[in-house]
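Engineer: Can you keep this structure in mind? I'll have questions shortly.
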Amino acid sequence: MAQRRIGLTGGIATGKSTASQLLEQRHGLPLLDADVFARQALEPESPGSEAVLQRYGEQVAAKAGVIDRRALGTLVFNDPAERHWLEQLVHPLVRQRFDAELARLAAIPTMVLVIPLLFEAGLTDLCTETWLVDCDESQQLQRLMQRDRLSIDAALARTAAQWPLARKRTLADVVISNRSDNECLAQQLALALEQGINP
């Protein structure tokens with residue numbers, strides 16, 4: 001039987017992390033997380049880290065060889081050209097890690113691929129189905145401002161760096177509403193797992 005690969009995505013602060021934890025803890029599903037792979041791509045002394053430090057220097061250097069991720073985030077979220085440069089560096093490295101891990105774990109029946117930029121980065125071909133963790137845009141902004149202690153302008157800059165939720169809703173196979181509490185979210189995830197997607 002072919003491996004079931006759930007591409008779990010959403011907007012920033014819509015609840016992807018909570019959803020992925022529920023799938024892992026309650027259903028025992030293994031996760032591959034694009035954010036983890038992206039962080040690893042910029043670890044000290046990696047080719048990705050060297051490229052970033054060479055481009056931005058002291059602006060993003062926390063200490064010798066270590067990138068200040070908050071400073072890097074502020075820089076790229078406020079400049080589309082710089083964000084594009086960073087994505088062109090990191091996305092291929094993340095794709096390589098997904099390919100390697102999926103090959104290594106090919107015998108596992110169901111995998112969850114947590115990919116915030118699933119549609120933007122063109123990674124849907126890695127998945128057999130796509131799930132969008134969704135909420136109202138106003139909820140998204142409030143959660144983001146509270147979680148990351150951001151001003152409204154900073155939060156808007158980060159949401160603007162991704163495709164709007166309205167666009168993602170039209171592309172996802174399954175839309176999981178995260179407008180209520182975690183138990184409601186868990187029920188929807190369980191139902192989506194049970195129903196599956198017709199090939």
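Labels for the structure tokens follow display order: chains A, B, ..., residues from 1 in each chain, ligands from 1.
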At a cut-off of 10 Å, using only C-alpha atoms, what residues contact Leu185 in chain A? Leave out same-chain residues fewer than 4 positions from it and give the result as a ChimeraX atom specification.

Structural biologist: /A:15,18-19,22,133,176-181,189-190

Engineer: Which residues are near range 159-162 of chain A? Cut-off 10 Å, only C-alpha atoms, ignore same chain within fewer than 4 positions. Put them as number ranges by chain.

Structural biologist: A: 10-13, 76-80, 83-84, 116-117, 119-120, 137, 140-141, 144, 154-155, 168

Engineer: Taking the DSSP secondary structure from the backbone, can you list the residues of range 133-187 of chain A that are strand (DSSP E or B), as a list in words?

Structural biologist: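 Of range 133-187 of chain A, the ones in strand (DSSP E or B) are Val133, Asp134, Val174, Val175, Ile176 and Ser177 of chain A.
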
Engineer: Using the selection just defined, write its residues with N, CA, C and O atoms as a PDB file, in the first residue's frame.

Structural biologist:
```pdb
ATOM      1  N   VAL A 133      -4.744  24.136   8.490  1.00  0.00           N
ATOM      2  CA  VAL A 133      -5.227  24.557   9.810  1.00  0.00           C
ATOM      3  C   VAL A 133      -5.621  26.023   9.674  1.00  0.00           C
ATOM      4  O   VAL A 133      -4.778  26.881   9.394  1.00  0.00           O
ATOM      5  N   ASP A 134      -6.896  26.305   9.872  1.00  0.00           N
ATOM      6  CA  ASP A 134      -7.483  27.583   9.478  1.00  0.00           C
ATOM      7  C   ASP A 134      -8.102  28.295  10.678  1.00  0.00           C
ATOM      8  O   ASP A 134      -8.543  27.667  11.642  1.00  0.00           O
ATOM      9  N   VAL A 174      -8.370  19.370   2.709  1.00  0.00           N
ATOM     10  CA  VAL A 174      -9.147  19.369   3.951  1.00  0.00           C
ATOM     11  C   VAL A 174      -8.865  20.685   4.671  1.00  0.00           C
ATOM     12  O   VAL A 174      -7.707  21.076   4.816  1.00  0.00           O
ATOM     13  N   VAL A 175      -9.921  21.371   5.120  1.00  0.00           N
ATOM     14  CA  VAL A 175      -9.771  22.590   5.908  1.00  0.00           C
ATOM     15  C   VAL A 175     -10.180  22.267   7.343  1.00  0.00           C
ATOM     16  O   VAL A 175     -11.314  21.855   7.603  1.00  0.00           O
ATOM     17  N   ILE A 176      -9.232  22.432   8.263  1.00  0.00           N
ATOM     18  CA  ILE A 176      -9.440  22.138   9.683  1.00  0.00           C
ATOM     19  C   ILE A 176      -9.608  23.467  10.408  1.00  0.00           C
ATOM     20  O   ILE A 176      -8.669  24.262  10.487  1.00  0.00           O
ATOM     21  N   SER A 177     -10.795  23.724  10.948  1.00  0.00           N
ATOM     22  CA  SER A 177     -11.032  24.993  11.634  1.00  0.00           C
ATOM     23  C   SER A 177     -10.409  24.984  13.026  1.00  0.00           C
ATOM     24  O   SER A 177     -10.636  24.068  13.814  1.00  0.00           O
TER      25      SER A 177
END
```

Engineer: Measuring between only C-alpha atoms, which one of A:Leu8, A:Ala2, A:Ala81, A:Glu58 shows the shortest distance to Ala192 in chain A?

Structural biologist: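 The answer is A:Leu8, which sits nearest to Ala192 in chain A.
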
Engineer: Determine which residues of range 100-176 of chain A DSSP labels as helix (DSSP H, G or I) from the backbone of this structure, then write them out as an NGL selection string.

Structural biologist: :A and (100-104 or 124-126 or 137-148 or 152-160 or 165-171)

Engineer: Out of A:Arg169, A:Arg149, A:Arg104, A:His27, which residue has the shortest atom-to-atom distance to Gln187 in chain A when counting only C-alpha atoms?

Structural biologist: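 Using only C-alpha atoms, the shortest distance to Gln187 in chain A belongs to A:His27.
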
Engineer: Could you tell me how far CA of Ile6 in chain A sits from CA of Arg143 in chain A, in Å to one decimal place?

Structural biologist: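 Taking CA of Arg143 in chain A and CA of Ile6 in chain A, their separation equals 24.7 Å.
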
Engineer: With distances taken over only C-alpha atoms, which of A:Leu93, A:Leu86, A:Ile108, A:Ala62 is nearest to Leu29 in chain A?

Structural biologist: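 Among the listed residues, A:Ile108 lies closest to Leu29 in chain A.
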
Engineer: Which residue, A:Gly28, A:Ala61, A:Arg97, A:Ser151, has the smallest gap to Leu193 in chain A when you use only C-alpha atoms?

Structural biologist: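 Smallest distance to Leu193 in chain A is found for A:Gly28.
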
Engineer: Grab the CA of Leu165 in chain A to CA of Asp136 in chain A distance for me, in Å with one decimal place.

Structural biologist: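 These two atoms are separated by 8.5 Å.
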
Engineer: Give me the residues within 9 Å of range 44-47 of chain A as a VMD selection string, counting only C-alpha atoms and dropping any in the same chain fewer than 6 places off.

Structural biologist: chain A and resid 64 to 67

Engineer: For the residues selected in the previous step, produce a file with N, CA and C atoms as a PDB file, in the first residue's frame.

Structural biologist:
```
ATOM      1  N   ALA A  64      30.004  34.573  17.393  1.00  0.00           N
ATOM      2  CA  ALA A  64      30.812  33.958  16.330  1.00  0.00           C
ATOM      3  C   ALA A  64      30.090  32.795  15.658  1.00  0.00           C
ATOM      4  N   GLY A  65      29.727  32.987  14.393  1.00  0.00           N
ATOM      5  CA  GLY A  65      29.147  31.902  13.604  1.00  0.00           C
ATOM      6  C   GLY A  65      27.692  31.596  13.885  1.00  0.00           C
ATOM      7  N   VAL A  66      27.063  32.307  14.815  1.00  0.00           N
ATOM      8  CA  VAL A  66      25.672  32.028  15.187  1.00  0.00           C
ATOM      9  C   VAL A  66      24.779  33.155  14.670  1.00  0.00           C
ATOM     10  N   ILE A  67      23.684  32.765  14.026  1.00  0.00           N
ATOM     11  CA  ILE A  67      22.751  33.748  13.461  1.00  0.00           C
ATOM     12  C   ILE A  67      21.717  34.154  14.506  1.00  0.00           C
TER      13      ILE A  67
END
```

Engineer: Which of these, A:Gly196, A:Pro109, A:Gly122, A:Gly73, has the shortest distance to Arg95 in chain A once you count only C-alpha atoms?

Structural biologist: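 Ranking A:Gly196, A:Pro109, A:Gly122, A:Gly73 by distance to Arg95 in chain A, first place goes to A:Gly122.
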
Engineer: Between A:Met145, A:Ala34, A:Thr128, A:Asp173, which is the closest to Gln3 in chain A once you count only C-alpha atoms?

Structural biologist: A:Thr128

Engineer: So that I can check the surroundings of Leu72 in chain A, please list as a list of chain:residue names every protein, DNA and RNA residue that reaches within 9 Å of it, counting only C-alpha atoms and ignoring chain neighbours fewer than 6 positions away.

Structural biologist: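 So the residues in contact are A:Val52, A:Tyr56, A:Gln59, A:Val60, A:Ala61.
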